[in-house]
Amino acid sequence: MSVLLNGKELAMEIRLKLKEKVEKEKLSPMLAVILCGDDEASKVYVRNKSKACDEVGIKFEEYLLPNETTQEELLELIDKLNNDEKVDGILLQSPIPAGLNIQEAFARISPEKDVDGFNPYNVGKLTIGEDGFVPCTPYGIMKIFEKYNIDLEGKKAVIVGRSNIVGKPMAQCLLSKNATVTICHSKTKDLKEELKDADVIVAAVGKRAIITADMVKEGAVIIDVGMNRNDEGKLCGDVDFDGVSKKASYITPVPGGVGPMTIAMLMNNVVKAHELRHMKRD
Ligand code: GUN
């Protein structure tokens, strides 16, 4: 039986530390979130981010844009927030309505307010190993490895999913810790073959139970980024937890694993942005 990687508990610890820091140093960080369109899951994510901000002492402003928003209007709002002295972090919730160019919008967010780490400048910084803003989900996963003393050096890590939000930045993070990294995706010929020797598996596909016990090595570390619903409407990941947890050495549950860490690292990035903008961070 495997050890549960308790992201919920670690996220609470991180949020508490940030709250104490904000209070003690009398910081006034502010996050502006843009929610464009009416994606139901996004509304839930943004609500959770808002609650976490409240708890940590981060001011939260929400900008709701309708489905019919034009690219110009979206960029205009980003420019306004870039120029607003009070705003430390800008987050454009993904996805946005079809027809809008999200990459252009991410690139428009000032790199110093890019708390998601999606601006090409911060993507580049991560790629060359310089300090910038690291995307919250991979960053949270790295904190889990750190907390549980999971050494990555020389390990074979396989990421399933090549998104700009998780898969690609995850690869950079693992590489920075000297893991040997493979990224699998929808065109990978034989996923089972790629996974069979993996010491670490990060599943970020968005498909329920795509990783099953027969695909993983005894003792592998399993990170499940999936957020799916089963037939009863219950939240579940990309990993068949019941089967895989019998073989894994460590495994993240869904819910209570990676999800809360994503939000905790967003809080971390907003406080960092505030400090850097006010030159208080060492
Ligand atoms: N949609 C799903 N995950 C994320 C995230 O981490 N950031 C943003 N902006 N949108 C998302």
# chains A, B, ... in the order shown; residues from 1 in each chain; ligands from 1

$ residues_near_ligand --ligand "ligand 1" --cutoff "9 Å" --atoms "only C-alpha atoms and all ligand atoms" --output "number ranges by chain"
A: 33-34, 41-42, 45-46, 90-95, 106, 115-118, 135-137, 165-166, 262-263, 266

$ atom_distance --atom1 "CA of Ser163 in chain A" --atom2 "CA of Met267 in chain A"
22.0 Å

$ closest_residue --among "A:Lys156, A:Lys8, A:His185, A:Arg277" --to "Val200 in chain A" --atoms "only C-alpha atoms"
A:Lys156

$ residues_around --residues "range 212-222 of chain A" --least-positions-apart "2" --cutoff "7 Å" --atoms "only C-alpha atoms" --output "PyMOL selection string"
chain A and resi 192+195-202+209-210+224+239-240+243-244+247-252

$ write_last_selection --atoms "all heavy atoms" --output "compact mmCIF listing (two decimals), in the first residue's frame"
# COMPACT_ATOMS: atom_id res chain seq x y z
N LYS A 192 1.75 2.44 -22.52
CA LYS A 192 2.12 1.42 -21.54
C LYS A 192 3.62 1.15 -21.56
O LYS A 192 4.28 1.05 -20.53
CB LYS A 192 1.33 0.14 -21.84
CG LYS A 192 1.31 -0.83 -20.71
CD LYS A 192 0.33 -1.96 -20.97
CE LYS A 192 0.56 -3.06 -19.95
NZ LYS A 192 -0.34 -4.19 -20.15
N LEU A 195 5.54 3.93 -19.92
CA LEU A 195 5.35 4.04 -18.47
C LEU A 195 5.99 2.90 -17.69
O LEU A 195 6.22 3.03 -16.48
CB LEU A 195 3.85 4.07 -18.14
CG LEU A 195 3.07 5.32 -18.56
CD1 LEU A 195 1.58 5.13 -18.27
CD2 LEU A 195 3.58 6.57 -17.86
N LYS A 196 6.32 1.81 -18.37
CA LYS A 196 6.63 0.59 -17.62
C LYS A 196 7.86 0.70 -16.70
O LYS A 196 7.91 0.02 -15.68
CB LYS A 196 6.68 -0.63 -18.52
CG LYS A 196 7.94 -0.83 -19.33
CD LYS A 196 7.80 -2.13 -20.12
CE LYS A 196 9.03 -2.67 -20.73
NZ LYS A 196 10.10 -1.84 -21.18
N ASP A 197 8.84 1.55 -17.05
CA ASP A 197 10.02 1.72 -16.19
C ASP A 197 10.00 3.04 -15.42
O ASP A 197 11.00 3.42 -14.81
CB ASP A 197 11.31 1.70 -17.02
CG ASP A 197 11.45 0.43 -17.83
OD1 ASP A 197 11.15 -0.64 -17.28
OD2 ASP A 197 11.85 0.53 -19.01
N ALA A 198 8.90 3.76 -15.48
CA ALA A 198 8.87 5.11 -14.88
C ALA A 198 8.95 5.04 -13.35
O ALA A 198 8.22 4.28 -12.71
CB ALA A 198 7.60 5.84 -15.30
N ASP A 199 9.87 5.85 -12.79
CA ASP A 199 9.95 5.98 -11.33
C ASP A 199 8.91 6.98 -10.84
O ASP A 199 8.43 6.88 -9.71
CB ASP A 199 11.35 6.49 -10.92
CG ASP A 199 12.46 5.57 -11.40
OD1 ASP A 199 12.41 4.39 -11.04
OD2 ASP A 199 13.34 6.04 -12.15
N VAL A 200 8.62 7.96 -11.69
CA VAL A 200 7.65 9.00 -11.35
C VAL A 200 6.71 9.16 -12.54
O VAL A 200 7.17 9.25 -13.68
CB VAL A 200 8.36 10.36 -11.09
CG1 VAL A 200 7.35 11.47 -10.82
CG2 VAL A 200 9.35 10.25 -9.93
N ILE A 201 5.41 9.20 -12.27
CA ILE A 201 4.44 9.44 -13.35
C ILE A 201 3.60 10.65 -12.96
O ILE A 201 3.07 10.71 -11.84
CB ILE A 201 3.52 8.21 -13.57
CG1 ILE A 201 4.34 7.00 -14.02
CG2 ILE A 201 2.41 8.53 -14.57
CD1 ILE A 201 3.53 5.70 -14.12
N VAL A 202 3.50 11.61 -13.88
CA VAL A 202 2.60 12.75 -13.66
C VAL A 202 1.50 12.64 -14.71
O VAL A 202 1.77 12.76 -15.92
CB VAL A 202 3.34 14.10 -13.80
CG1 VAL A 202 2.37 15.26 -13.59
CG2 VAL A 202 4.50 14.19 -12.80
N ALA A 209 -9.32 7.54 -15.18
CA ALA A 209 -8.71 6.20 -15.08
C ALA A 209 -7.92 5.79 -16.32
O ALA A 209 -7.92 4.62 -16.70
CB ALA A 209 -9.79 5.16 -14.76
N ILE A 210 -7.22 6.74 -16.92
CA ILE A 210 -6.41 6.40 -18.10
C ILE A 210 -5.13 5.65 -17.68
O ILE A 210 -4.56 4.90 -18.45
CB ILE A 210 -6.10 7.66 -18.95
CG1 ILE A 210 -5.51 7.26 -20.31
CG2 ILE A 210 -5.21 8.65 -18.25
CD1 ILE A 210 -5.39 8.40 -21.28
N ASP A 224 -1.32 12.72 -9.68
CA ASP A 224 -2.54 12.77 -10.49
C ASP A 224 -3.08 14.20 -10.55
O ASP A 224 -3.56 14.75 -9.56
CB ASP A 224 -3.59 11.83 -9.83
CG ASP A 224 -4.78 11.58 -10.74
OD1 ASP A 224 -4.91 12.26 -11.77
OD2 ASP A 224 -5.59 10.68 -10.40
N VAL A 239 -5.99 8.75 -12.76
CA VAL A 239 -5.40 7.48 -12.33
C VAL A 239 -6.49 6.61 -11.69
O VAL A 239 -7.32 7.11 -10.92
CB VAL A 239 -4.28 7.77 -11.29
CG1 VAL A 239 -3.72 6.49 -10.70
CG2 VAL A 239 -3.17 8.60 -11.93
N ASP A 240 -6.46 5.32 -12.00
CA ASP A 240 -7.36 4.39 -11.33
C ASP A 240 -6.79 4.15 -9.91
O ASP A 240 -5.95 3.29 -9.70
CB ASP A 240 -7.42 3.07 -12.12
CG ASP A 240 -8.16 2.00 -11.34
OD1 ASP A 240 -9.02 2.35 -10.52
OD2 ASP A 240 -7.82 0.81 -11.53
N GLY A 243 -6.66 0.61 -7.92
CA GLY A 243 -5.67 -0.35 -8.44
C GLY A 243 -4.25 0.16 -8.28
O GLY A 243 -3.38 -0.56 -7.76
N VAL A 244 -3.99 1.38 -8.70
CA VAL A 244 -2.62 1.90 -8.75
C VAL A 244 -2.04 2.09 -7.35
O VAL A 244 -0.85 1.86 -7.13
CB VAL A 244 -2.57 3.21 -9.59
CG1 VAL A 244 -1.19 3.86 -9.50
CG2 VAL A 244 -2.93 2.94 -11.05
N LYS A 247 0.20 -0.56 -5.91
CA LYS A 247 1.56 -0.76 -6.44
C LYS A 247 2.49 0.42 -6.18
O LYS A 247 3.71 0.25 -6.11
CB LYS A 247 1.49 -0.98 -7.96
CG LYS A 247 1.07 -2.38 -8.35
CD LYS A 247 1.00 -2.51 -9.85
CE LYS A 247 2.22 -3.18 -10.44
NZ LYS A 247 2.07 -3.35 -11.91
N ALA A 248 1.93 1.61 -6.07
CA ALA A 248 2.74 2.83 -5.96
C ALA A 248 3.42 2.91 -4.59
O ALA A 248 2.92 2.34 -3.60
CB ALA A 248 1.86 4.05 -6.18
N SER A 249 4.54 3.66 -4.52
CA SER A 249 5.15 3.94 -3.21
C SER A 249 4.46 5.17 -2.61
O SER A 249 4.18 5.21 -1.42
CB SER A 249 6.65 4.17 -3.35
OG SER A 249 6.92 5.18 -4.29
N TYR A 250 4.20 6.17 -3.46
CA TYR A 250 3.49 7.39 -3.06
C TYR A 250 2.45 7.71 -4.12
O TYR A 250 2.70 7.49 -5.31
CB TYR A 250 4.44 8.58 -2.99
CG TYR A 250 5.53 8.51 -1.96
CD1 TYR A 250 6.75 7.92 -2.25
CD2 TYR A 250 5.34 9.06 -0.70
CE1 TYR A 250 7.77 7.86 -1.31
CE2 TYR A 250 6.35 9.02 0.26
CZ TYR A 250 7.55 8.42 -0.06
OH TYR A 250 8.55 8.38 0.87
N ILE A 251 1.34 8.29 -3.68
CA ILE A 251 0.30 8.66 -4.66
C ILE A 251 -0.49 9.86 -4.14
O ILE A 251 -0.74 9.97 -2.93
CB ILE A 251 -0.62 7.44 -4.98
CG1 ILE A 251 -1.59 7.75 -6.12
CG2 ILE A 251 -1.38 6.98 -3.74
CD1 ILE A 251 -2.28 6.50 -6.71
N THR A 252 -0.87 10.77 -5.07
CA THR A 252 -1.74 11.89 -4.67
C THR A 252 -3.19 11.46 -4.84
O THR A 252 -3.56 10.88 -5.87
CB THR A 252 -1.50 13.13 -5.54
OG1 THR A 252 -1.73 12.79 -6.92
CG2 THR A 252 -0.09 13.69 -5.38

$ residues_around --residues "Lys113 in chain A" --least-positions-apart "3" --cutoff "8 Å" --atoms "only C-alpha atoms" --output "PDB file with N, CA and C atoms, in the first residue's frame"
ATOM      1  N   ASN A  82      -2.421  46.122 -16.006  1.00  0.00           N
ATOM      2  CA  ASN A  82      -0.949  46.270 -16.010  1.00  0.00           C
ATOM      3  C   ASN A  82      -0.554  47.636 -15.447  1.00  0.00           C
ATOM      4  N   VAL A  87      -2.596  46.684  -8.360  1.00  0.00           N
ATOM      5  CA  VAL A  87      -2.694  45.272  -8.774  1.00  0.00           C
ATOM      6  C   VAL A  87      -1.300  44.637  -8.842  1.00  0.00           C
ATOM      7  N   ASP A  88      -1.129  43.536  -8.087  1.00  0.00           N
ATOM      8  CA  ASP A  88       0.159  42.824  -8.095  1.00  0.00           C
ATOM      9  C   ASP A  88       0.155  41.650  -9.050  1.00  0.00           C
ATOM     10  N   GLY A  89      -0.975  40.961  -9.134  1.00  0.00           N
ATOM     11  CA  GLY A  89      -1.049  39.766  -9.963  1.00  0.00           C
ATOM     12  C   GLY A  89      -2.263  39.825 -10.873  1.00  0.00           C
ATOM     13  N   ILE A  90      -2.082  39.350 -12.118  1.00  0.00           N
ATOM     14  CA  ILE A  90      -3.203  39.277 -13.068  1.00  0.00           C
ATOM     15  C   ILE A  90      -3.314  37.830 -13.526  1.00  0.00           C
ATOM     16  N   ILE A 109       0.070  40.253 -20.539  1.00  0.00           N
ATOM     17  CA  ILE A 109       0.175  40.449 -19.087  1.00  0.00           C
ATOM     18  C   ILE A 109       1.622  40.791 -18.747  1.00  0.00           C
ATOM     19  N   SER A 110       1.793  41.865 -18.021  1.00  0.00           N
ATOM     20  CA  SER A 110       3.146  42.288 -17.658  1.00  0.00           C
ATOM     21  C   SER A 110       3.872  41.146 -16.936  1.00  0.00           C
ATOM     22  N   ALA A 273       4.918  38.499  -6.086  1.00  0.00           N
ATOM     23  CA  ALA A 273       4.793  39.622  -7.032  1.00  0.00           C
ATOM     24  C   ALA A 273       4.696  40.938  -6.264  1.00  0.00           C
TER      25      ALA A 273
END

$ residues_around --residues "Lys21 in chain A" --least-positions-apart "6" --cutoff "10 Å" --atoms "only C-alpha atoms" --output "number ranges by chain"
A: 15, 27, 56-57, 271

$ closest_residue --among "A:Val258, A:Leu31, A:Glu20, A:Lys272" --to "Tyr139 in chain A" --atoms "only C-alpha atoms"
A:Val258

$ residues_around --residues "Gly226 in chain A" --least-positions-apart "6" --cutoff "6 Å" --atoms "only C-alpha atoms" --output "list in words"
Ala204, Gly206, Gly237 and Asp238 of chain A

$ write_last_selection --atoms "N, CA, C and O atoms" --output "short mmCIF file (atom, residue, chain, number, x, y, z; two decimals), in the first residue's frame"
data_model
loop_
_atom_site.label_atom_id
_atom_site.label_comp_id
_atom_site.auth_asym_id
_atom_site.auth_seq_id
_atom_site.Cartn_x
_atom_site.Cartn_y
_atom_site.Cartn_z
N ALA A 204 -1.61 14.12 -16.47
CA ALA A 204 -2.30 15.41 -16.67
C ALA A 204 -2.98 15.40 -18.03
O ALA A 204 -2.62 16.13 -18.94
N GLY A 206 -6.76 14.62 -18.29
CA GLY A 206 -8.16 15.00 -18.23
C GLY A 206 -9.07 13.87 -18.68
O GLY A 206 -10.16 14.10 -19.21
N GLY A 237 -9.57 11.49 -10.55
CA GLY A 237 -8.41 11.89 -11.35
C GLY A 237 -8.26 11.11 -12.64
O GLY A 237 -9.20 10.49 -13.13
N ASP A 238 -7.03 11.14 -13.18
CA ASP A 238 -6.69 10.41 -14.39
C ASP A 238 -6.21 9.00 -14.06
O ASP A 238 -5.97 8.20 -14.96
#

$ closest_residue --among "A:Leu276, A:Ile128, A:Gln103, A:Ser28" --to "Leu175 in chain A" --atoms "only C-alpha atoms"
A:Ile128
